[in-house]
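What follows is the content of structure-v5.txt, which has compact mmCIF, C-alpha atoms:
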# COMPACT_ATOMS: atom_id res chain seq x y z
CA MET A 194 62.43 -29.48 -32.53
CA THR A 195 63.96 -28.52 -35.90
CA GLY A 196 65.93 -25.35 -35.05
CA LEU A 197 68.90 -24.48 -32.88
CA THR A 198 67.63 -22.94 -29.66
CA HIS A 199 70.83 -21.02 -28.91
CA LEU A 200 70.55 -18.87 -32.06
CA ASP A 201 68.25 -15.88 -32.41
CA ASP A 202 66.43 -14.84 -35.61
CA ASP A 203 69.58 -13.12 -36.84
CA GLY A 204 71.78 -16.16 -36.22
CA ARG A 205 73.50 -14.71 -33.17
CA ALA A 206 74.27 -16.71 -30.02
CA ARG A 207 71.80 -16.21 -27.20
CA MET A 208 70.90 -17.63 -23.82
CA VAL A 209 67.46 -19.24 -24.00
CA ASP A 210 64.78 -17.59 -21.87
CA VAL A 211 63.33 -20.37 -19.69
CA GLY A 212 61.30 -18.06 -17.44
CA ASP A 213 57.94 -19.33 -18.69
CA LYS A 214 58.84 -23.04 -18.63
CA ALA A 215 57.35 -25.33 -16.02
CA THR A 216 59.37 -26.28 -12.96
CA THR A 217 59.73 -30.06 -12.95
CA LYS A 218 62.08 -32.70 -11.63
CA ARG A 219 64.81 -33.26 -14.21
CA VAL A 220 67.38 -36.06 -14.42
CA ALA A 221 70.10 -36.74 -16.99
CA THR A 222 72.66 -39.54 -17.29
CA ALA A 223 75.79 -39.36 -19.44
CA THR A 224 78.74 -41.64 -20.05
CA ALA A 225 82.38 -41.47 -21.14
CA THR A 226 84.99 -44.17 -21.72
CA PHE A 227 88.60 -43.83 -20.58
CA THR A 228 90.83 -46.31 -22.40
CA THR A 229 94.31 -47.28 -21.24
CA ARG A 230 96.52 -50.35 -20.94
CA PRO A 231 95.43 -53.41 -18.92
CA ASP A 232 98.39 -53.01 -16.56
CA VAL A 233 97.32 -49.43 -15.82
CA ILE A 234 93.77 -50.61 -15.07
CA ALA A 235 95.26 -53.06 -12.58
CA LEU A 236 97.27 -50.26 -10.96
CA VAL A 237 94.16 -48.07 -10.64
CA GLN A 238 92.20 -50.88 -9.01
CA ALA A 239 95.07 -51.59 -6.60
CA ASP A 240 95.78 -47.90 -5.79
CA GLY A 241 99.27 -48.53 -7.10
CA LEU A 242 99.81 -45.31 -9.03
CA PRO A 243 102.04 -42.43 -7.83
CA LYS A 244 98.86 -40.40 -7.38
CA ALA A 245 96.73 -42.59 -5.13
CA ASP A 246 92.94 -42.62 -4.70
CA VAL A 247 92.45 -42.28 -8.45
CA ILE A 248 88.74 -43.12 -8.58
CA ALA A 249 87.88 -41.08 -5.49
CA THR A 250 89.65 -38.04 -6.96
CA ALA A 251 87.93 -38.48 -10.35
CA ARG A 252 84.54 -38.73 -8.63
CA ILE A 253 85.07 -35.51 -6.68
CA ALA A 254 86.32 -33.77 -9.84
CA GLY A 255 83.24 -34.87 -11.76
CA ILE A 256 80.91 -33.53 -9.09
CA ALA A 257 82.81 -30.25 -8.99
CA GLY A 258 82.67 -30.02 -12.78
CA ALA A 259 78.91 -30.48 -12.82
CA LYS A 260 78.51 -27.68 -10.28
CA ARG A 261 80.55 -25.30 -12.45
CA THR A 262 79.00 -26.16 -15.82
CA SER A 263 77.49 -22.71 -16.33
CA GLU A 264 80.96 -21.19 -15.89
CA LEU A 265 82.51 -23.55 -18.44
CA ILE A 266 79.75 -23.65 -21.10
CA PRO A 267 78.88 -20.02 -21.95
CA LEU A 268 75.15 -20.34 -22.71
CA CYS A 269 74.21 -22.77 -19.93
CA HIS A 270 71.96 -21.63 -17.09
CA GLN A 271 73.02 -21.74 -13.47
CA LEU A 272 71.20 -24.64 -11.83
CA ALA A 273 70.56 -25.64 -8.24
CA LEU A 274 71.68 -29.25 -8.45
CA SER A 275 70.00 -31.58 -6.00
CA SER A 276 72.32 -34.53 -6.73
CA VAL A 277 75.35 -35.52 -8.79
CA SER A 278 76.59 -39.12 -8.72
CA LEU A 279 79.34 -40.92 -10.62
CA ASP A 280 79.95 -44.63 -11.10
CA PHE A 281 83.03 -46.31 -12.58
CA ALA A 282 82.92 -49.73 -14.27
CA PHE A 283 86.12 -51.55 -15.25
CA THR A 284 86.85 -53.62 -18.33
CA GLU A 285 90.23 -55.10 -19.18
CA ASP A 286 91.48 -51.91 -20.82
CA SER A 287 88.97 -49.18 -20.00
CA ILE A 288 87.00 -47.42 -17.30
CA VAL A 289 83.40 -46.59 -18.20
CA ILE A 290 82.23 -43.47 -16.37
CA THR A 291 78.52 -42.94 -15.77
CA ALA A 292 77.37 -39.59 -14.37
CA THR A 293 73.84 -38.70 -13.26
CA ALA A 294 72.73 -35.16 -12.41
CA LYS A 295 69.39 -34.14 -10.88
CA THR A 296 67.59 -30.86 -10.27
CA THR A 297 64.13 -29.43 -9.93
CA GLY A 298 63.90 -26.47 -12.24
CA GLN A 299 62.96 -24.95 -15.57
CA THR A 300 65.71 -26.41 -17.75
CA GLY A 301 67.45 -29.75 -18.08
CA VAL A 302 70.69 -31.07 -16.63
CA GLU A 303 72.13 -32.79 -19.72
CA MET A 304 75.18 -30.52 -19.85
CA GLU A 305 75.85 -31.01 -16.14
CA ALA A 306 75.86 -34.80 -16.57
CA LEU A 307 78.06 -34.58 -19.69
CA THR A 308 80.46 -32.18 -17.94
CA ALA A 309 80.68 -34.45 -14.89
CA ALA A 310 81.59 -37.46 -17.05
CA SER A 311 84.09 -35.43 -19.08
CA ILE A 312 85.86 -33.84 -16.10
CA ALA A 313 86.05 -37.19 -14.32
CA GLY A 314 87.64 -38.70 -17.44
CA LEU A 315 90.14 -35.85 -17.79
CA THR A 316 91.05 -36.32 -14.15
CA LEU A 317 91.69 -40.01 -14.80
CA HIS A 318 94.05 -38.98 -17.59
CA ASP A 319 95.87 -36.60 -15.28
CA MET A 320 96.20 -39.33 -12.65
CA VAL A 321 97.63 -41.98 -15.02
CA LYS A 322 99.60 -39.85 -17.52
CA ALA A 323 102.88 -40.64 -15.74
CA VAL A 324 102.53 -44.30 -16.75
CA ASP A 325 100.38 -43.98 -19.89
CA PRO A 326 100.39 -40.57 -21.58
CA ALA A 327 98.67 -42.22 -24.61
CA SER A 328 95.44 -42.99 -22.74
CA VAL A 329 92.26 -41.91 -24.54
CA LEU A 330 89.03 -40.31 -23.33
CA GLY A 331 86.14 -40.78 -25.73
CA ASP A 332 82.58 -41.90 -26.43
CA ILE A 333 81.19 -39.01 -24.39
CA ARG A 334 77.43 -39.01 -24.85
CA LEU A 335 74.05 -38.60 -23.23
CA LEU A 336 72.40 -41.88 -22.21
CA GLU A 337 68.99 -40.61 -21.13
CA LYS A 338 67.14 -37.68 -19.65
CA SER A 339 63.75 -37.06 -18.12
CA GLY A 340 61.60 -34.12 -17.06
CA GLY A 341 60.09 -31.14 -18.81
CA LYS A 342 57.30 -31.25 -21.37
CA ARG A 343 59.05 -33.88 -23.51
CA GLY A 344 59.25 -36.43 -20.72
CA ASN A 345 61.74 -39.26 -21.13
CA TRP A 346 64.41 -39.32 -23.86
CA THR A 347 66.87 -42.03 -24.89
CA PRO A 348 69.11 -42.33 -27.97
CA GLU A 349 66.73 -44.95 -29.34
CA ALA A 350 63.88 -42.45 -29.13
CA SER A 351 65.80 -40.03 -31.36
CA ASP A 352 66.40 -42.62 -34.06
CA PRO A 353 63.42 -42.72 -36.42
CA VAL A 354 61.76 -46.14 -36.21
CA GLU A 355 59.10 -46.80 -38.79
CA ALA A 356 55.94 -48.47 -37.57
CA PRO A 357 56.38 -52.23 -38.01
CA ALA A 358 54.92 -53.23 -41.35
CA ALA A 359 53.44 -56.59 -42.17
CA ARG A 360 56.16 -58.39 -44.12
CA THR A 361 56.80 -61.87 -45.35
CA VAL A 362 59.19 -63.44 -42.90
CA ARG A 363 61.49 -66.24 -43.91
CA PRO A 364 60.03 -69.44 -42.46
CA ARG A 365 62.08 -71.42 -39.93
CA THR A 366 64.81 -68.76 -39.73
CA ALA A 367 66.13 -67.04 -36.64
CA ALA A 368 68.63 -64.43 -35.47
CA VAL A 369 70.41 -64.10 -32.13
CA ILE A 370 71.79 -60.88 -30.63
CA VAL A 371 74.02 -60.81 -27.55
CA ALA A 372 74.16 -57.42 -25.81
CA SER A 373 77.47 -57.47 -23.93
CA THR A 374 79.97 -54.63 -23.93
CA ALA A 375 82.69 -56.91 -22.55
CA GLY A 376 81.79 -59.64 -25.03
CA ALA A 377 81.94 -57.22 -27.96
CA ALA A 378 85.34 -56.00 -26.75
CA GLY A 379 86.62 -59.58 -26.55
CA THR A 380 87.35 -59.40 -22.83
CA ARG A 381 84.67 -61.92 -21.87
CA GLU A 382 83.73 -65.18 -23.56
CA ASP A 383 80.09 -65.28 -24.60
CA LEU A 384 78.36 -68.53 -23.62
CA THR A 385 74.74 -67.45 -24.08
CA GLY A 386 74.64 -66.79 -27.83
CA PRO A 387 75.92 -70.27 -28.83
CA ARG A 388 73.48 -71.88 -26.37
CA ILE A 389 70.50 -70.07 -27.89
CA SER A 390 71.72 -70.85 -31.41
CA ALA A 391 72.08 -74.54 -30.59
CA TRP A 392 68.59 -74.61 -29.07
CA LEU A 393 67.08 -73.00 -32.16
CA SER A 394 68.90 -75.44 -34.41
CA GLU A 395 67.54 -78.34 -32.37
CA HIS A 396 64.07 -76.92 -33.04
CA ASP A 397 64.72 -76.79 -36.81
CA TYR A 398 65.37 -73.05 -37.13
CA ALA A 399 68.21 -71.94 -39.39
CA VAL A 400 70.15 -69.29 -37.46
CA ASP A 401 71.33 -66.41 -39.63
CA ALA A 402 74.00 -65.30 -37.19
CA VAL A 403 74.91 -64.82 -33.53
CA THR A 404 75.77 -61.12 -33.29
CA VAL A 405 77.63 -59.86 -30.22
CA VAL A 406 77.36 -56.08 -29.76
CA SER A 407 77.99 -53.53 -27.04
CA ASP A 408 75.00 -52.31 -25.04
CA ALA A 409 75.26 -48.97 -26.83
CA ASP A 410 74.86 -50.61 -30.25
CA VAL A 411 72.03 -53.02 -29.49
CA HIS A 412 69.31 -50.84 -31.06
CA HIS A 413 71.18 -50.79 -34.39
CA ALA A 414 71.67 -54.56 -34.24
CA ILE A 415 67.95 -55.16 -33.61
CA THR A 416 67.01 -52.91 -36.52
CA ALA A 417 69.40 -54.72 -38.85
CA ALA A 418 68.21 -58.14 -37.72
CA LEU A 419 64.54 -57.27 -38.25
CA ASP A 420 65.29 -55.88 -41.71
CA ALA A 421 66.36 -59.40 -42.68
CA ALA A 422 62.85 -60.67 -41.71
CA PRO A 423 63.62 -63.79 -39.66
CA ALA A 424 60.72 -65.68 -38.15
CA VAL A 425 62.32 -65.39 -34.69
CA LEU A 426 64.70 -62.91 -33.06
CA ILE A 427 66.06 -63.73 -29.60
CA THR A 428 68.26 -61.29 -27.69
CA THR A 429 70.20 -61.92 -24.51
CA GLY A 430 71.64 -59.37 -22.12
CA GLY A 431 70.98 -55.72 -21.37
CA THR A 432 67.67 -56.31 -19.57
CA GLY A 433 68.78 -55.27 -16.09
CA LEU A 434 68.93 -51.96 -14.27
CA SER A 435 72.48 -50.75 -14.83
CA PRO A 436 72.78 -47.46 -16.76
CA SER A 437 74.17 -49.29 -19.81
CA ASP A 438 71.31 -51.83 -20.04
CA ARG A 439 69.25 -50.67 -23.06
CA THR A 440 67.80 -53.80 -24.71
CA PRO A 441 64.13 -53.28 -23.72
CA GLU A 442 64.31 -49.62 -24.79
CA ALA A 443 65.83 -50.69 -28.12
CA THR A 444 63.18 -53.38 -28.63
CA GLN A 445 59.96 -51.61 -27.68
CA PRO A 446 59.75 -49.13 -30.59
CA HIS A 447 59.82 -52.03 -33.06
CA LEU A 448 56.94 -53.97 -31.52
CA ASP A 449 53.45 -53.69 -32.98
CA ARG A 450 52.09 -56.16 -30.42
CA GLU A 451 53.57 -57.05 -27.06
CA LEU A 452 53.30 -60.52 -25.49
CA PRO A 453 53.58 -59.74 -21.77
CA GLY A 454 52.65 -63.29 -20.75
CA ILE A 455 55.89 -64.67 -22.19
CA ALA A 456 58.07 -62.10 -20.42
CA GLU A 457 56.18 -62.67 -17.17
CA ALA A 458 56.56 -66.44 -17.47
CA ILE A 459 60.33 -66.10 -17.94
CA ARG A 460 60.62 -63.87 -14.88
CA ALA A 461 58.38 -66.18 -12.84
CA LEU A 462 60.43 -69.28 -13.65
CA GLY A 463 63.68 -67.49 -12.90
CA SER A 464 62.33 -66.17 -9.61
CA THR A 465 61.88 -69.73 -8.33
CA LYS A 466 65.68 -70.03 -8.43
CA THR A 467 66.96 -66.51 -7.77
CA PRO A 468 65.02 -63.47 -6.48
CA THR A 469 66.96 -61.12 -8.75
CA ALA A 470 65.24 -62.63 -11.81
CA ALA A 471 62.26 -60.41 -10.99
CA LEU A 472 64.41 -57.38 -11.88
CA SER A 473 64.66 -58.36 -15.54
CA ARG A 474 62.91 -55.82 -17.81
CA GLY A 475 62.92 -58.11 -20.85
CA LEU A 476 60.10 -57.79 -23.39
CA ALA A 477 58.45 -60.19 -25.81
CA GLY A 478 56.30 -59.33 -28.79
CA VAL A 479 55.79 -59.31 -32.53
CA SER A 480 57.43 -56.96 -35.04
CA GLY A 481 56.03 -57.16 -38.55
CA GLY A 482 55.60 -60.93 -38.31
CA THR A 483 58.83 -61.65 -36.41
CA VAL A 484 58.65 -63.04 -32.88
CA VAL A 485 61.01 -61.03 -30.66
CA VAL A 486 62.02 -62.19 -27.18
CA ASN A 487 64.47 -60.54 -24.76
CA LEU A 488 66.26 -63.00 -22.47
CA PRO A 489 68.50 -62.08 -19.51
CA GLY A 490 72.24 -62.14 -20.01
CA SER A 491 73.08 -64.93 -17.56
CA THR A 492 73.33 -68.56 -18.62
CA GLY A 493 70.71 -69.41 -16.01
CA GLY A 494 68.37 -66.74 -17.32
CA VAL A 495 68.81 -68.03 -20.87
CA LYS A 496 68.11 -71.59 -19.72
CA ASP A 497 64.87 -70.47 -18.04
CA GLY A 498 63.83 -68.42 -21.06
CA LEU A 499 64.35 -71.29 -23.46
CA ALA A 500 62.43 -73.60 -21.13
CA VAL A 501 59.44 -71.23 -21.36
CA LEU A 502 59.72 -71.04 -25.15
CA ASP A 503 60.01 -74.82 -25.52
CA GLY A 504 56.68 -76.08 -26.81
CA LEU A 505 55.40 -72.50 -27.15
CA LEU A 506 57.50 -70.97 -29.91
CA ASP A 507 56.30 -73.10 -32.81
CA HIS A 508 52.67 -72.54 -31.86
CA LEU A 509 53.25 -68.80 -31.65
CA VAL A 510 55.08 -68.62 -34.99
CA ALA A 511 52.30 -70.62 -36.66
CA GLN A 512 49.59 -68.33 -35.29
CA ILE A 513 51.37 -65.20 -36.48
CA ALA A 514 51.70 -66.76 -39.92
CA GLY A 515 47.93 -67.31 -39.97
CA GLY A 516 47.86 -70.96 -38.95
CA GLY A 517 48.03 -72.91 -35.72
CA ALA A 518 45.25 -73.98 -33.43
CA HIS A 519 43.45 -71.36 -31.30
CA GLU A 520 42.18 -73.56 -28.54
Show me this structure written as C-alpha cells.
Amino acid sequence: MTGLTHLDDDGRARMVDVGDKATTKRVATATATFTTRPDVIALVQADGLPKADVIATARIAGIAGAKRTSELIPLCHQLALSSVSLDFAFTEDSIVITATAKTTGQTGVEMEALTAASIAGLTLHDMVKAVDPASVLGDIRLLEKSGGKRGNWTPEASDPVEAPAARTVRPRTAAVIVASTAGAAGTREDLTGPRISAWLSEHDYAVDAVTVVSDADVHHAITAALDAAPAVLITTGGTGLSPSDRTPEATQPHLDRELPGIAEAIRALGSTKTPTAALSRGLAGVSGGTVVVNLPGSTGGVKDGLAVLDGLLDHLVAQIAGGGAHE
C-alpha cells in the first residue's frame, strides 16, 4: 500500500467503500502509557483517590469509546464489535493500557482498539488530576492486528528487514539483549543480562555489551546488534504471551535458518521444573553467520537455556564458520 486510502483522485476526504471486501474475523490490539508519580500509582492501586474505582471506570470508558469510534473519527465505518477488552499493567510511575477489539466484518478494528486505549487513558487523567494535574498520556500505538487479505501485522513487519546476507562475523564475540520494560525504566534490577554475559566470558567470548531495552524497542536493538556482526547474539525476555512480549516477532525476520531443536531443548529442560516453561515462544537460528538464541526472561529460564547451550554453542559456531565435525 503506497497511497492514502481516505483520499480520492482529487485529494478530497472520502469514506472507503468496503462493500466488496471479504468478511473475516478481525482483531486489533493497541497500547497507551499513562505516566504519573509513584505515590499516585500507589493511591490508584489502593483505591485511595477521591474518585474511587479508578481502573474499573477507565475500563468501562475504554469499552464505551471503542463502541463510539465511528462517531468520534469521521471516516471510520460503524462496526458490530464482538468483543472489547482492556488490561492495565503497573510500573513504578506508569500504567500501561492494552486494549483489544474484535469483530467479524469487512474492515479492521485498529481505530476501535486505539480509541479504547486513548479514552481509558484520558479517563485515568480525569480520575487523578486532583492529585497530579501534570500526568501524561502518551505512546499510543497499534501493537498488532489480524484478519483481512493481509493477514497478521506487527510493527516489526512494517520495518523493512533486508534478507540476512552472508557476512564475516567477528570470531569469539557476542552481544546480549535484555527485553524488559521495567528494567529499561530502571524500576527493576536486571539479573539475567549479567549472568549471560558472565557465562559467555567463561566460554571465551568477548561480550560487546549487555543492552537493556523495553519490549517495544527490542526489534531495533536486535537489528543494531546484528549490524555489528557478533558470532553470537543471546536475548532474554519477551518470549511469553503477554501483549508486550515481542522478542520472537522481532527475531524471526532476521533469521535465514531456524534451529528449532535448540528452542525445543530449552523448553523441554525448563518443563521438567515448571510447566509454564512450555509457553515460551523463544526462537533459535542463524542470521548472516550469527547464532541467535532467545532465552526466557526468568533467571531459571536463563539457567536452563545456558545449560542447553553448554557444549553445543562452540560446535554450532564452528559449523557455521565452515569448520567443526559433522558426526
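If you count only C-alpha atoms and ignore residues fewer than 3 places along the chain from range 240-255 of chain A, what sits within 8 Å of it is Leu236, Val237, Gly258, Ala259, Ser278, Leu279, Asp280, Phe281, Ala292, Thr308, Ala309, Ala310, Ser311, Ile312, Ala313, Gly314, Thr316, Leu317, Met320 and Val321 of chain A.
Considering the residues A:Thr296, A:Thr262, A:Ser437, A:Thr284 and counting all atoms listed in the file, Ala378 in chain A has its shortest atom-to-atom contact with A:Thr284.
Between CA of Leu272 in chain A and CA of Ala223 in chain A the separation is 17.2 Å.
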(message) Ranking A:Leu419, A:Val485, A:Val329, A:Val501 by minimum distance to Glu457 in chain A and counting only C-alpha atoms, which one comes first?
(response) A:Val501
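Counting only C-alpha atoms and comparing A:Pro446, A:Gly301, A:Pro326, A:Gly331, the residue that lies closest to Val289 in chain A is A:Gly331.
If you measure from each of A:Ile370, A:Asn487, A:Asp497, A:Glu305 to Lys466 in chain A using only C-alpha atoms, the closest one turns out to be A:Asp497.
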